[in-house]
Amino acid sequence: MSVTPALEADVLRRQDPELAEILLGELVRQSTTLQLTAAENFTSPAVLAALGSPLANKYAEGYPGARYHGGCELVDVAENIAVERARALFDAEHANVQSHSGSSAVLAAYAALLRPGDTVLALGLPHGGHLTHGSPANFSGRWFDFVGYGVDAETGLIDHPQVRALARTHRPKAIVCGSIAYPRHIDYAFFRDVADEVGAYLIVDAAHPIGLVAGRAAPSPVPYADVVCATTHKVLRGPRGGMILCGHELAARIDRAVFPFTQSGAQMHTVAAKAVAFGEAATPAFAAYAHQVVANARALAAALAAEGLVVTTGGTDTHLLTADPGPLGVDGRTARGRLAAAGMVLDCCALPHGDARGLRLGTAAVTTQGMGEGEMTKIAALLAGVLRGDVEPAGARAEVRELAGGFPPYPR
Ligand SMILES: Cc1ncc(COP(=O)(O)O)c(C=O)c1O
């Protein structure tokens, strides 16, 4: 059996060449373009090995020692290791590592703490809130009464006076902080204070910064939040999945909200891969990585600003930044298309001011590849050249291929 089945696709190639071509083609795509999507990263071969392991075959409803299926002796050990590593990594009293995704983690947190119809205060979607923070197209907006706070149109920073005023007016049952695009550290102490004043639970959706927290490159929400929801696949560099951290008091409610309320069988190959990722994230090498991710994001933000883009909040504290390409003569959507053609893969996002779309970029993946501040400056110059039309798309694509080629995500 191959230890890196996702990369070593010979078995698949023999049996199903059609699918093997797609897997290998995706590896080529990821290796020859620049992954600037803020939510993506490259997991290690060890994480991929766990994902492609026989644990994928195992049904394991319930929790270690209390399963509804036989034969769980070994997956129980894997889950216990994942839980203990998560608790140690984040200094949390309790960890649930079964959530299938970040959205499932948020769903479980709401299920544990709220009843349908309850009022919840969260960052509004046009200001960087996630779908699960009250979108009418999502269960959250359908089942709860969300009130949205915003960011200041000028500074792009969370409008703290508005948060407090809305909390006093609406007396929410829970306050959610966390975002898909906020580039600055969130003031968890402030949100704790507001939640205490109005008797609300504080749910921190740390899907984005949790990897920086693991690497001690961002403040931890754990001491402040009643419940922390997270993903394991962004800066944290683990498998696609979710995780919930909380104190002893809420532990049983959170566990019941995950299983049996919102999920049944845990995906044990993913749970094992989470354990591997938590092990990696506890190393000094990962702390150095997390700090480099931030240094790279800061360098990229500064270089993009120097090229004429308007960087929201003037910079970043984290792995992500958002920017308005308007001064270069293009809106966000057009910019994303042109950049994709040049091999620079990133997202559009809302901007704090007006209706124009901006660009959201992150440095987690390129930093895993080993790029540093020098490469960030090159990327910014190339990106701006493409948007201004100074660089031909074919020429830009060739430059991107050469740059990416110097930093293979899975060196052989
Ligand atoms: C703040 C936030 N919450 C939740 C999620 C949902 O994660 P998933 O896509 O794993 O459901 C994301 C994903 O980007 C996110 O940014």
# chains A, B, ... in the order shown; residues from 1 in each chain; ligands from 1
>>> closest_atom_pairs(of="chain A", to="ligand 1", cutoff="7 Å", atoms="only C-alpha atoms and all ligand atoms", output="JSON lines")
{"residue": "A:Ala39", "atom": "CA", "partner": "ligand 1", "partner_atom_place_in_ligand_line": "14 (O)", "distance": 5.9}
{"residue": "A:Ser101", "atom": "CA", "partner": "ligand 1", "partner_atom_place_in_ligand_line": "10 (O)", "distance": 3.8}
{"residue": "A:Gly102", "atom": "CA", "partner": "ligand 1", "partner_atom_place_in_ligand_line": "7 (O)", "distance": 3.4}
{"residue": "A:Ser103", "atom": "CA", "partner": "ligand 1", "partner_atom_place_in_ligand_line": "11 (O)", "distance": 3.7}
{"residue": "A:Ser104", "atom": "CA", "partner": "ligand 1", "partner_atom_place_in_ligand_line": "11 (O)", "distance": 6.3}
{"residue": "A:Val106", "atom": "CA", "partner": "ligand 1", "partner_atom_place_in_ligand_line": "4 (C)", "distance": 6.9}
{"residue": "A:Gly129", "atom": "CA", "partner": "ligand 1", "partner_atom_place_in_ligand_line": "1 (C)", "distance": 6.8}
{"residue": "A:His130", "atom": "CA", "partner": "ligand 1", "partner_atom_place_in_ligand_line": "1 (C)", "distance": 5.1}
{"residue": "A:Thr132", "atom": "CA", "partner": "ligand 1", "partner_atom_place_in_ligand_line": "4 (C)", "distance": 6.6}
{"residue": "A:Gly178", "atom": "CA", "partner": "ligand 1", "partner_atom_place_in_ligand_line": "1 (C)", "distance": 5.3}
{"residue": "A:Ser179", "atom": "CA", "partner": "ligand 1", "partner_atom_place_in_ligand_line": "1 (C)", "distance": 4.3}
{"residue": "A:Ile180", "atom": "CA", "partner": "ligand 1", "partner_atom_place_in_ligand_line": "16 (O)", "distance": 3.9}
{"residue": "A:Asp205", "atom": "CA", "partner": "ligand 1", "partner_atom_place_in_ligand_line": "1 (C)", "distance": 5.5}
{"residue": "A:Ala206", "atom": "CA", "partner": "ligand 1", "partner_atom_place_in_ligand_line": "1 (C)", "distance": 6.2}
{"residue": "A:Ala207", "atom": "CA", "partner": "ligand 1", "partner_atom_place_in_ligand_line": "2 (C)", "distance": 4.8}
{"residue": "A:His208", "atom": "CA", "partner": "ligand 1", "partner_atom_place_in_ligand_line": "16 (O)", "distance": 5.6}
{"residue": "A:Thr231", "atom": "CA", "partner": "ligand 1", "partner_atom_place_in_ligand_line": "10 (O)", "distance": 5.7}
{"residue": "A:Arg240", "atom": "CA", "partner": "ligand 1", "partner_atom_place_in_ligand_line": "10 (O)", "distance": 6.5}
{"residue": "A:Gly241", "atom": "CA", "partner": "ligand 1", "partner_atom_place_in_ligand_line": "10 (O)", "distance": 5.7}
{"residue": "A:Gly242", "atom": "CA", "partner": "ligand 1", "partner_atom_place_in_ligand_line": "10 (O)", "distance": 6.3}
>>> residues_around(residues="A:Gly148", least_positions_apart="2", cutoff="12 Å", atoms="only C-alpha atoms", output="mmCIF file with C-alpha atoms, in the first residue's frame")
data_model
loop_
_atom_site.group_PDB
_atom_site.id
_atom_site.type_symbol
_atom_site.label_atom_id
_atom_site.label_comp_id
_atom_site.auth_asym_id
_atom_site.auth_seq_id
_atom_site.Cartn_x
_atom_site.Cartn_y
_atom_site.Cartn_z
ATOM 1 C CA THR A 119 -31.614 36.378 18.393
ATOM 2 C CA VAL A 120 -27.932 36.224 17.433
ATOM 3 C CA LEU A 121 -25.576 39.152 16.831
ATOM 4 C CA ALA A 122 -22.889 38.505 14.198
ATOM 5 C CA LEU A 123 -20.783 40.307 11.624
ATOM 6 C CA GLY A 124 -23.103 41.043 8.693
ATOM 7 C CA LEU A 125 -22.429 39.125 5.493
ATOM 8 C CA PRO A 126 -21.631 42.240 3.411
ATOM 9 C CA HIS A 127 -18.973 43.062 6.028
ATOM 10 C CA GLY A 128 -17.249 39.667 6.035
ATOM 11 C CA GLY A 129 -19.579 37.385 7.979
ATOM 12 C CA HIS A 130 -19.758 33.724 6.879
ATOM 13 C CA HIS A 133 -23.608 33.862 10.442
ATOM 14 C CA GLY A 134 -27.146 34.543 9.277
ATOM 15 C CA SER A 135 -27.338 34.235 5.500
ATOM 16 C CA GLY A 141 -30.624 32.827 8.637
ATOM 17 C CA ASP A 145 -33.042 35.942 14.106
ATOM 18 C CA PHE A 146 -29.670 37.405 13.117
ATOM 19 C CA GLY A 150 -20.489 45.996 10.580
ATOM 20 C CA VAL A 151 -17.091 47.456 9.921
ATOM 21 C CA ILE A 158 -15.083 46.361 13.408
ATOM 22 C CA ASP A 159 -17.389 49.099 14.653
ATOM 23 C CA GLN A 162 -22.165 49.668 17.085
ATOM 24 C CA VAL A 163 -21.619 46.138 18.436
ATOM 25 C CA ARG A 164 -22.312 47.303 21.984
ATOM 26 C CA ALA A 165 -25.307 49.415 20.977
ATOM 27 C CA LEU A 166 -26.896 46.559 18.978
ATOM 28 C CA ALA A 167 -26.266 44.133 21.828
ATOM 29 C CA HIS A 170 -31.487 43.379 20.808
ATOM 30 C CA PRO A 172 -29.040 38.488 21.748
ATOM 31 C CA ILE A 175 -22.798 36.941 19.920
ATOM 32 C CA VAL A 176 -20.671 35.514 17.113
ATOM 33 C CA CYS A 177 -17.315 36.942 16.146
#
>>> residues_around(residues="stretch 309-325 of chain A", least_positions_apart="5", cutoff="8 Å", atoms="only C-alpha atoms", output="VMD selection string")
chain A and resid 38 155 to 157 181 to 185 209 212 218 235 293 to 294 296 to 298 301 to 302 304 330 to 332 335 349 351 to 352 357 to 364 387
>>> select_by_dssp(residues="stretch 106-254 of chain A", states="strand (DSSP E)", output="list in words")
Thr119, Val120, Leu121, Ala122, Leu123, Asp145, Phe146, Val147, Gly148, Tyr149, Ala174, Ile175, Val176, Cys177, Tyr201, Leu202, Ile203, Val204, Asp205, Val227, Val228, Cys229, Ala230, Thr231, Gly242, Met243, Ile244, Leu245 and Cys246 of chain A
>>> closest_residue(among="A:Leu346, A:Val271, A:Ala252, A:Ala109", to="A:Leu55", atoms="only C-alpha atoms")
A:Val271
>>> residues_around(residues="A:Phe259", least_positions_apart="2", cutoff="9 Å", atoms="only C-alpha atoms", output="list of chain:residue names")
A:Glu61, A:Gly62, A:Tyr63, A:Gln98, A:Ala108, A:Ile254, A:Asp255, A:Arg256, A:Ala257, A:Phe261, A:Thr262, A:Gln263, A:Ser264, A:Gly265, A:Ala266
>>> residues_around(residues="A:Lys58", least_positions_apart="6", cutoff="10 Å", atoms="only C-alpha atoms", output="ChimeraX atom specification")
/A:69-72,75,265-269
>>> closest_residue(among="A:Pro260, A:Gly308, A:Pro54, A:Gly329", to="A:Ala111", atoms="only C-alpha atoms")
A:Pro260
>>> atom_distance(atom1="atom CA of A:Ile186", atom2="atom CA of A:Tyr201")
16.6 Å
>>> closest_residue(among="A:Leu51, A:Leu114, A:Ala295, A:Ile244", to="A:Val204", atoms="only C-alpha atoms")
A:Ile244
>>> residues_around(residues="A:Leu236", least_positions_apart="5", cutoff="7 Å", atoms="only C-alpha atoms", output="ChimeraX atom specification")
/A:210-211,281
>>> atom_distance(atom1="atom CA of A:Asp152", atom2="atom CA of A:Asn138")
25.5 Å
>>> closest_residue(among="A:Met376, A:Val276, A:Val391, A:Ala285", to="A:Leu36", atoms="only C-alpha atoms")
A:Met376
>>> atom_distance(atom1="atom CA of A:Pro221", atom2="atom CA of A:Tyr188")
6.1 Å
>>> select_by_dssp(residues="stretch 169-368 of chain A", states="alpha helix (DSSP H)", output="number ranges by chain")
A: 169-170, 188-198, 210-214, 248-256, 268-281, 284-306, 332-341, 364-368
>>> residues_around(residues="A:Val386", least_positions_apart="2", cutoff="12 Å", atoms="only C-alpha atoms", output="number ranges by chain")
A: 307, 325, 328-330, 334-344, 379-384, 388-397, 399-400
>>> closest_residue(among="A:Ser220, A:Arg237, A:Phe278, A:Gly326", to="A:Thr367", atoms="only C-alpha atoms")
A:Arg237
